[in-house]
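Presented below is the structure to which this report refers.
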Amino acid sequence: MDCSKVGYLISTLRKEKCMTQKEIADKMNISDKTISKWERGLGCPDVSLLAELSKILGVNIEKILSGDLEENDKDGGNMKRTKFYVCKNCGNVITSTSEADLSCCGRKLDYLIAKPEDETHKISVTDMGGEYFINVDHPMHKNHFISFVAFVGYDKALIAKLYPEQNAELHIPKIQRGKLYAYCSEHGLWSKELR
Ligand SMILES: [Zn+2]
Ligand SMILES: [Zn+2]
């Protein structure tokens, strides 16, 4: 641990939360002098205190240990950059408009990299007048199915969570261009431009 980096991080996060050194110290049943010492880089928090400290500051323990907060660009909220995260254990689907440190069921999740649609994961679009009918002709068995279909435009995202024995379909209003996604429980994420 680099105590001066860690101290700077603690001080930054504490101020973001508008908390005084004393408030944090009281929550942790330690002396505010200890917090002040950390923030000045004169010592690092003891490992036994990290879990509590990370909860109070709202960051992962690893972030405190590294003393770095990798920050996203401020325009990271753009929908077009939407990333999908899927928990293989429980099926949870999480979207984020920037990279995020996410975990589910105790496991760290990495965002999915979409592959362009292939013959077995073909995303068909039918123009129905006012809307598009999106459909993926793919098995929908318990162990191999499309678990969601999504549309991501520049300021909108629509996502349909699907279950086995359903059809892999989604209706979307004809609002804008964007990207279509289909996630196969076996083969991962597939995408296609919607023009
Ligand atoms: Zn999970
Ligand atoms: Zn598949």
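We label chains A, B, ... in the order they appear in the structure tokens, count residues from 1 in each chain, and number ligands from 1 in the order shown.
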
Practice task
Find the residues around Asp2 in chain A up to 9 Å (only C-alpha atoms counted), leave out those fewer than 6 positions away in its own chain, and share them as a PyMOL selection string.
Solution key: chain A and resi 41+44+65-67

Restricting the output to C-alpha atoms, write the selected residues as a JSON list (two decimals), in the first residue's frame.
[["chain", "number", "residue", "atom", "x", "y", "z"],
["A", 41, "GLY", "CA", -0.02, 9.66, 4.41],
["A", 44, "CYS", "CA", -2.11, 3.11, 6.20],
["A", 65, "LEU", "CA", -5.61, -0.64, -1.42],
["A", 66, "SER", "CA", -4.53, 0.70, -4.80],
["A", 67, "GLY", "CA", -5.23, 4.31, -3.81]]

Handout entry: Non-local contacts of Ser48 in chain A (12 Å; only C-alpha atoms; under 4 positions in same chain excluded) as a list of chain:residue names
Key =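 What passes the distance filter is A:Met28, A:Cys44, A:Glu52, A:Leu53, A:Ser54, A:Ile61.
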
Output the selection as a short mmCIF file (atom, residue, chain, number, x, y, z; two decimals), in the first residue's frame - C-alpha atoms for each residue.
data_model
loop_
_atom_site.label_atom_id
_atom_site.label_comp_id
_atom_site.auth_asym_id
_atom_site.auth_seq_id
_atom_site.Cartn_x
_atom_site.Cartn_y
_atom_site.Cartn_z
CA MET A 28 -15.41 3.04 13.13
CA CYS A 44 -2.11 3.11 6.20
CA GLU A 52 -15.69 -1.07 7.40
CA LEU A 53 -13.87 1.83 5.77
CA SER A 54 -14.81 0.72 2.27
CA ILE A 61 -11.53 -2.53 -0.76
#

Exercise for the section: Name the residues in contact with Asp26 in chain A at a cut-off of 12 Å, using only C-alpha atoms, excluding same-chain residues fewer than 6 positions from it; report them as a list in words. Expected result: Met19, Thr20, Asp32, Lys33, Thr34, Ile35, Glu52, Leu53 and Ile56 of chain A

What would the file look like if the residues just selected were written as a CSV table (one decimal), in the first residue's frame with C-alpha atoms?
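Ended up saving to out09.csv:
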chain,number,residue,atom,x,y,z
A,19,MET,CA,-18.1,13.9,6.3
A,20,THR,CA,-15.7,15.1,8.9
A,32,ASP,CA,-10.1,11.0,14.6
A,33,LYS,CA,-6.3,11.4,14.9
A,34,THR,CA,-6.0,8.0,13.2
A,35,ILE,CA,-8.0,9.3,10.2
A,52,GLU,CA,-15.7,-1.1,7.4
A,53,LEU,CA,-13.9,1.8,5.8
A,56,ILE,CA,-18.4,4.0,4.8

Exercise for the section: Could you report the residues within 12 Å of ligand 1, using only C-alpha atoms and all ligand atoms, as a list in words? Expected result: Tyr85, Val86, Cys87, Lys88, Asn89, Cys90, Gly91, Asn92, Val93, Ile94, Leu102, Ser103, Cys104, Cys105, Gly106, Arg107, Lys108 and Leu109 of chain A

Practice task
May I have all residues of chain A that DSSP, computed from the backbone, assigns to alpha helix (DSSP H), given as a VMD selection string?
Solution key: chain A and resid 3 to 16 21 to 28 32 to 39 47 to 57 61 to 66

Practice task
With only C-alpha atoms and all ligand atoms counted, collect every polymer residue having an atom within 8 Å of ligand 2; state the result as a PyMOL selection string.
Solution key: chain A and resi 120-121+138-139+144-146+184-188
